[in-house]
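Shown next: query-v7.csv, given as CSV, C-alpha atoms.
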chain,number,residue,atom,x,y,z
X,1,MET,CA,-75.5,27.6,-113.0
X,2,ILE,CA,-72.1,26.8,-114.4
X,3,MET,CA,-70.9,25.8,-110.9
X,4,PHE,CA,-73.9,23.5,-110.4
X,5,LYS,CA,-73.3,21.8,-113.8
X,6,PHE,CA,-69.6,21.3,-112.8
X,7,ILE,CA,-70.5,19.7,-109.5
X,8,PHE,CA,-73.2,17.5,-111.1
X,9,PHE,CA,-70.6,16.4,-113.7
X,10,LEU,CA,-68.0,15.7,-111.0
X,11,THR,CA,-70.5,13.7,-109.0
X,12,ILE,CA,-71.4,11.5,-112.0
X,13,LEU,CA,-67.7,11.0,-112.8
X,14,LEU,CA,-66.8,9.9,-109.3
X,15,SER,CA,-69.8,7.6,-109.2
X,16,THR,CA,-68.8,6.0,-112.4
X,17,PHE,CA,-65.2,5.6,-111.3
X,18,ASN,CA,-66.2,4.0,-108.0
X,19,GLN,CA,-68.6,1.6,-109.7
X,20,GLY,CA,-65.8,0.6,-112.1
X,21,PHE,CA,-63.3,0.2,-109.3
X,22,ALA,CA,-65.8,-1.9,-107.3
X,23,GLN,CA,-66.5,-4.1,-110.3
X,24,GLU,CA,-62.8,-4.6,-110.9
X,25,THR,CA,-62.2,-5.5,-107.3
X,26,ASP,CA,-65.1,-7.9,-107.3
X,27,THR,CA,-63.8,-9.6,-110.5
X,28,SER,CA,-60.3,-9.9,-109.0
X,29,PHE,CA,-61.8,-11.4,-105.8
X,30,VAL,CA,-63.9,-13.9,-107.7
X,31,ASN,CA,-61.0,-14.9,-109.9
X,32,ASP,CA,-58.8,-15.5,-106.8
X,33,VAL,CA,-61.4,-17.8,-105.2
X,34,ASP,CA,-62.0,-19.6,-108.5
X,35,ARG,CA,-58.2,-20.2,-108.8
X,36,PHE,CA,-58.1,-21.6,-105.3
X,37,ARG,CA,-61.0,-24.0,-106.0
X,38,ASN,CA,-59.5,-25.2,-109.3
X,39,GLU,CA,-56.1,-25.9,-107.6
X,40,LEU,CA,-57.9,-27.7,-104.8
X,41,ASN,CA,-59.9,-29.9,-107.3
X,42,ASP,CA,-56.7,-30.6,-109.3
X,43,GLN,CA,-54.9,-31.7,-106.2
X,44,TYR,CA,-57.7,-34.2,-105.3
X,45,LYS,CA,-57.6,-35.6,-108.9
X,46,ASP,CA,-53.8,-36.0,-108.7
X,47,LYS,CA,-52.9,-39.6,-107.8
X,48,GLU,CA,-49.7,-38.5,-106.0
X,49,HIS,CA,-51.3,-35.7,-103.9
X,50,SER,CA,-54.9,-36.7,-103.4
X,51,PRO,CA,-56.1,-37.7,-99.9
X,52,LEU,CA,-58.9,-39.7,-101.5
X,53,THR,CA,-58.9,-43.4,-101.6
X,54,GLU,CA,-58.0,-44.8,-105.1
X,55,LYS,CA,-61.7,-45.8,-105.6
X,56,ASP,CA,-63.0,-42.3,-104.7
X,57,ARG,CA,-60.3,-40.5,-106.7
X,58,ARG,CA,-61.2,-42.3,-109.9
X,59,LYS,CA,-64.7,-41.0,-109.8
X,60,PHE,CA,-64.0,-37.6,-108.3
X,61,LYS,CA,-65.2,-34.7,-110.5
X,62,GLY,CA,-64.8,-31.8,-108.1
X,63,HIS,CA,-65.9,-30.4,-104.8
X,64,ASP,CA,-69.2,-28.8,-104.1
X,65,PHE,CA,-68.9,-25.2,-102.8
X,66,TYR,CA,-71.1,-22.5,-101.5
X,67,GLU,CA,-71.6,-19.6,-103.8
X,68,ILE,CA,-68.8,-17.1,-103.7
X,69,ASN,CA,-69.9,-14.3,-101.4
X,70,SER,CA,-67.8,-11.2,-100.7
X,71,LYS,CA,-69.5,-10.8,-97.3
X,72,TYR,CA,-67.4,-13.7,-96.1
X,73,ARG,CA,-64.1,-12.1,-97.1
X,74,VAL,CA,-63.4,-9.9,-94.1
X,75,VAL,CA,-60.6,-7.5,-93.1
X,76,ALA,CA,-59.9,-8.5,-89.5
X,77,LYS,CA,-58.0,-6.8,-86.8
X,78,PHE,CA,-55.0,-9.0,-86.0
X,79,ILE,CA,-53.8,-9.1,-82.4
X,80,LEU,CA,-50.7,-10.9,-81.4
X,81,THR,CA,-50.7,-13.2,-78.3
X,82,PRO,CA,-47.0,-13.5,-77.6
X,83,ASP,CA,-47.2,-14.9,-74.1
X,84,THR,CA,-49.2,-18.0,-74.9
X,85,GLU,CA,-47.8,-21.4,-74.0
X,86,ASN,CA,-47.3,-24.3,-76.3
X,87,PHE,CA,-50.0,-27.0,-76.2
X,88,GLU,CA,-50.9,-30.3,-77.7
X,89,MET,CA,-53.6,-29.9,-80.3
X,90,LYS,CA,-56.3,-32.6,-80.2
X,91,THR,CA,-56.7,-34.6,-83.4
X,92,THR,CA,-59.0,-37.3,-84.7
X,93,THR,CA,-56.4,-39.9,-83.6
X,94,GLU,CA,-54.0,-40.2,-80.7
X,95,ARG,CA,-51.5,-37.9,-82.4
X,96,ARG,CA,-50.9,-34.6,-80.6
X,97,PRO,CA,-48.9,-32.1,-82.6
X,98,ILE,CA,-47.5,-29.1,-80.8
X,99,TYR,CA,-49.1,-25.7,-81.5
X,100,ARG,CA,-49.2,-22.3,-79.9
X,101,LYS,CA,-51.9,-19.6,-80.1
X,102,PHE,CA,-50.2,-17.0,-82.3
X,103,GLY,CA,-52.9,-14.3,-82.3
X,104,GLU,CA,-56.5,-13.4,-82.5
X,105,VAL,CA,-58.6,-12.1,-85.4
X,106,HIS,CA,-61.4,-9.7,-84.7
X,107,PHE,CA,-64.0,-9.2,-87.4
X,108,GLU,CA,-67.6,-8.4,-88.2
X,109,ILE,CA,-70.2,-10.2,-90.3
X,110,ASP,CA,-73.7,-8.8,-90.7
X,111,GLY,CA,-73.2,-6.4,-87.8
X,112,GLN,CA,-72.1,-9.3,-85.4
X,113,GLN,CA,-68.7,-9.2,-83.8
X,114,PHE,CA,-66.5,-12.3,-83.8
X,115,ILE,CA,-63.1,-13.4,-82.5
X,116,LEU,CA,-61.2,-16.4,-83.7
X,117,SER,CA,-57.8,-17.7,-82.6
X,118,VAL,CA,-55.1,-18.5,-85.1
X,119,TYR,CA,-52.4,-21.0,-84.4
X,120,GLN,CA,-48.8,-21.8,-85.4
X,121,ASN,CA,-47.6,-25.4,-85.8
X,122,LEU,CA,-44.2,-25.4,-84.1
X,123,ALA,CA,-42.9,-28.1,-86.5
X,124,ASN,CA,-43.3,-25.4,-89.3
X,125,LEU,CA,-40.6,-23.3,-87.6
X,126,LYS,CA,-38.0,-25.8,-88.9
X,127,SER,CA,-39.2,-25.2,-92.5
X,128,GLU,CA,-38.1,-22.2,-94.6
X,129,LYS,CA,-41.2,-22.7,-96.7
X,130,TYR,CA,-43.8,-22.9,-93.9
X,131,LYS,CA,-42.3,-20.9,-91.0
X,132,ASN,CA,-44.6,-17.9,-91.8
X,133,HIS,CA,-47.7,-20.0,-92.0
X,134,LEU,CA,-50.6,-19.8,-89.6
X,135,PHE,CA,-53.6,-22.1,-89.2
X,136,LEU,CA,-57.2,-21.1,-88.7
X,137,LEU,CA,-59.6,-23.9,-87.9
X,138,PHE,CA,-63.3,-23.3,-87.0
X,139,ASN,CA,-66.7,-24.7,-86.4
X,140,ASP,CA,-69.9,-22.9,-87.4
X,141,LYS,CA,-73.6,-23.6,-87.6
X,142,THR,CA,-73.4,-25.2,-91.0
X,143,ASN,CA,-71.5,-28.2,-89.5
X,144,GLY,CA,-73.4,-31.3,-90.4
X,145,HIS,CA,-75.9,-29.2,-92.4
X,146,GLY,CA,-74.0,-28.4,-95.6
X,147,SER,CA,-70.4,-28.4,-94.4
X,148,TYR,CA,-68.4,-31.1,-92.7
X,149,TYR,CA,-69.5,-31.8,-89.2
X,150,GLY,CA,-65.9,-31.7,-88.0
X,151,GLY,CA,-65.2,-28.2,-89.0
X,152,ARG,CA,-63.1,-26.5,-91.7
X,153,TYR,CA,-59.7,-25.0,-92.2
X,154,ILE,CA,-58.1,-21.8,-93.6
X,155,ASP,CA,-54.4,-21.3,-94.3
X,156,LEU,CA,-52.9,-17.9,-93.5
X,157,LEU,CA,-49.6,-16.1,-93.6
X,158,ILE,CA,-48.3,-13.9,-90.7
X,159,PRO,CA,-49.4,-10.4,-91.7
X,160,GLU,CA,-47.0,-7.4,-91.7
X,161,GLY,CA,-49.4,-5.1,-90.0
X,162,ASN,CA,-52.3,-5.3,-87.6
X,163,THR,CA,-54.9,-6.4,-90.1
X,164,ILE,CA,-55.4,-9.6,-92.0
X,165,ILE,CA,-57.8,-10.8,-94.7
X,166,ILE,CA,-59.9,-13.9,-93.7
X,167,ASP,CA,-61.6,-15.3,-96.7
X,168,PHE,CA,-64.0,-18.0,-95.7
X,169,ASN,CA,-64.6,-18.7,-99.4
X,170,LYS,CA,-61.2,-20.4,-99.3
X,171,SER,CA,-62.1,-22.7,-96.4
X,172,TYR,CA,-61.4,-26.4,-97.0
X,173,ASN,CA,-62.0,-29.7,-95.4
X,174,PRO,CA,-59.7,-31.8,-93.2
X,175,TYR,CA,-58.2,-34.8,-95.0
X,176,CYS,CA,-59.8,-37.2,-92.5
X,177,HIS,CA,-63.2,-36.3,-94.0
X,178,TYR,CA,-62.1,-38.1,-97.1
X,179,ASN,CA,-59.9,-40.9,-95.8
X,180,SER,CA,-59.8,-42.3,-92.2
X,181,LYS,CA,-56.1,-43.0,-92.5
X,182,TYR,CA,-55.4,-39.3,-91.8
X,183,SER,CA,-55.1,-37.6,-88.4
X,184,CYS,CA,-56.7,-34.1,-88.4
X,185,PRO,CA,-56.6,-31.3,-85.8
X,186,ILE,CA,-60.0,-30.6,-84.2
X,187,PRO,CA,-61.1,-27.0,-83.9
X,188,PRO,CA,-60.7,-25.8,-80.2
X,189,SER,CA,-64.0,-24.8,-78.6
X,190,GLU,CA,-62.9,-21.1,-78.6
X,191,ASN,CA,-63.2,-21.2,-82.4
X,192,ASN,CA,-66.9,-22.2,-82.4
X,193,LEU,CA,-68.8,-19.6,-84.3
X,194,ASP,CA,-72.4,-19.1,-83.4
X,195,VAL,CA,-73.4,-18.3,-86.9
X,196,GLU,CA,-73.7,-20.0,-90.3
X,197,ILE,CA,-70.7,-19.5,-92.5
X,198,LYS,CA,-72.3,-20.3,-95.9
X,199,ALA,CA,-69.0,-19.9,-97.8
X,200,GLY,CA,-66.2,-22.1,-98.9
X,201,ILE,CA,-66.3,-25.9,-99.3
X,202,LYS,CA,-69.2,-28.1,-98.5
X,203,SER,CA,-69.3,-31.6,-97.1
X,204,TYR,CA,-67.7,-34.3,-99.2
X,205,GLY,CA,-71.1,-36.1,-99.1
X,206,LYS,CA,-72.3,-33.3,-101.4
X,207,ALA,CA,-69.3,-33.5,-103.7
X,208,LYS,CA,-69.8,-34.0,-107.4
X,209,HIS,CA,-69.2,-37.6,-108.5

Output the structure of this file as structure tokens.
Amino acid sequence: MIMFKFIFFLTILLSTFNQGFAQETDTSFVNDVDRFRNELNDQYKDKEHSPLTEKDRRKFKGHDFYEINSKYRVVAKFILTPDTENFEMKTTTERRPIYRKFGEVHFEIDGQQFILSVYQNLANLKSEKYKNHLFLLFNDKTNGHGSYYGGRYIDLLIPEGNTIIIDFNKSYNPYCHYNSKYSCPIPPSENNLDVEIKAGIKSYGKAKH
């Protein structure tokens, strides 16, 4: 009887600890996404850094986002692709910046397996600040039905190991969605996801004015 009571008490203790840890982790995750959103909104309100036209900036209150969902924060397997060749990334204009495919991320959402390519802008190699930055751009089935029809972006850093966190809650729109003066990379066809990613930023047409 004593042993049974001890095991029961230990089970309750571990359960309480795990619930507390999960809640703390969830809170940290939500705070991180909120911080990203606030910084993005502040940038768009800032006269010096906003991609918005002056007319749009003056009435801009903030972006519209999908609800924060931990399902769309995935730990992906990161696979380097060291032998890929440099290529000209297609953009919304005639500009063709030079990129290379740096690696692939393999992950799962709702039991479905997905692969996306991540890219490195060769111009960033000249910058101490951006030399470790990677670029993930993607299309999904919300394009034109909630999110921008031209796809969305996520910024990443080169991971130290063979895993990387991909947080679709931190996806953002290309500048050209807000202002035609910008030239924006177009997601390569290999990064078309056959699923709705209801996370991150919505179309500017749904932005709060």

Legend entry - Which residue of X:Arg152, X:Lys170, X:His145, X:His63 approaches Val30 in chain X most closely, using only C-alpha atoms: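 Closest residue, counting only C-alpha atoms: X:Lys170.
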
Inset, instruction - Quick one: everything within 12 Å of Ile115 in chain X, counting all atoms listed in the file, minus sequence neighbours fewer than 4 positions away in the same chain. Send it as number ranges by chain. - result: X: 76-79, 103-109, 136, 138, 166, 190-194

Written selection (C-alpha atoms) as a PDB file, in the coordinates of the input:
ATOM      1  CA  ALA X  76     -59.900  -8.500 -89.500  1.00  0.00           C
ATOM      2  CA  LYS X  77     -58.000  -6.800 -86.800  1.00  0.00           C
ATOM      3  CA  PHE X  78     -55.000  -9.000 -86.000  1.00  0.00           C
ATOM      4  CA  ILE X  79     -53.800  -9.100 -82.400  1.00  0.00           C
ATOM      5  CA  GLY X 103     -52.900 -14.300 -82.300  1.00  0.00           C
ATOM      6  CA  GLU X 104     -56.500 -13.400 -82.500  1.00  0.00           C
ATOM      7  CA  VAL X 105     -58.600 -12.100 -85.400  1.00  0.00           C
ATOM      8  CA  HIS X 106     -61.400  -9.700 -84.700  1.00  0.00           C
ATOM      9  CA  PHE X 107     -64.000  -9.200 -87.400  1.00  0.00           C
ATOM     10  CA  GLU X 108     -67.600  -8.400 -88.200  1.00  0.00           C
ATOM     11  CA  ILE X 109     -70.200 -10.200 -90.300  1.00  0.00           C
ATOM     12  CA  LEU X 136     -57.200 -21.100 -88.700  1.00  0.00           C
ATOM     13  CA  PHE X 138     -63.300 -23.300 -87.000  1.00  0.00           C
ATOM     14  CA  ILE X 166     -59.900 -13.900 -93.700  1.00  0.00           C
ATOM     15  CA  GLU X 190     -62.900 -21.100 -78.600  1.00  0.00           C
ATOM     16  CA  ASN X 191     -63.200 -21.200 -82.400  1.00  0.00           C
ATOM     17  CA  ASN X 192     -66.900 -22.200 -82.400  1.00  0.00           C
ATOM     18  CA  LEU X 193     -68.800 -19.600 -84.300  1.00  0.00           C
ATOM     19  CA  ASP X 194     -72.400 -19.100 -83.400  1.00  0.00           C
TER      20      ASP X 194
END

Legend entry - Counting all atoms listed in the file, the residue of X:Gly62, X:Pro188, X:Gly111, X:Pro174 that sits nearest Tyr149 in chain X: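 When distances to Tyr149 in chain X are compared using all atoms listed in the file, the smallest one comes from X:Pro174.
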
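Candidate residues X:Asn139, X:Asn41, X:Thr53, X:Ser180 were compared for distance to Phe168 in chain X, and the nearest is X:Asn139, using all atoms listed in the file.
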
Legend entry - Contacts of Gly151 in chain X at 9 Å (only C-alpha atoms; same-chain gap of 5+ positions) as number ranges by chain: X: 137-140, 142-144, 173-174, 186-187

Inset, instruction - Give the answer as one residue: which of X:Ser171, X:Tyr182, X:Ile165, X:Gln120 has the shortest atom-to-atom distance to Met89 in chain X, using all atoms listed in the file? - result: X:Gln120

Inset, instruction - Between CA of Tyr72 in chain X and CA of Ser203 in chain X, measure the distance and give it in Å to one decimal. - result: 18.0 Å

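Going from CA of Phe87 in chain X to CA of Arg100 in chain X covers 6.0 Å.
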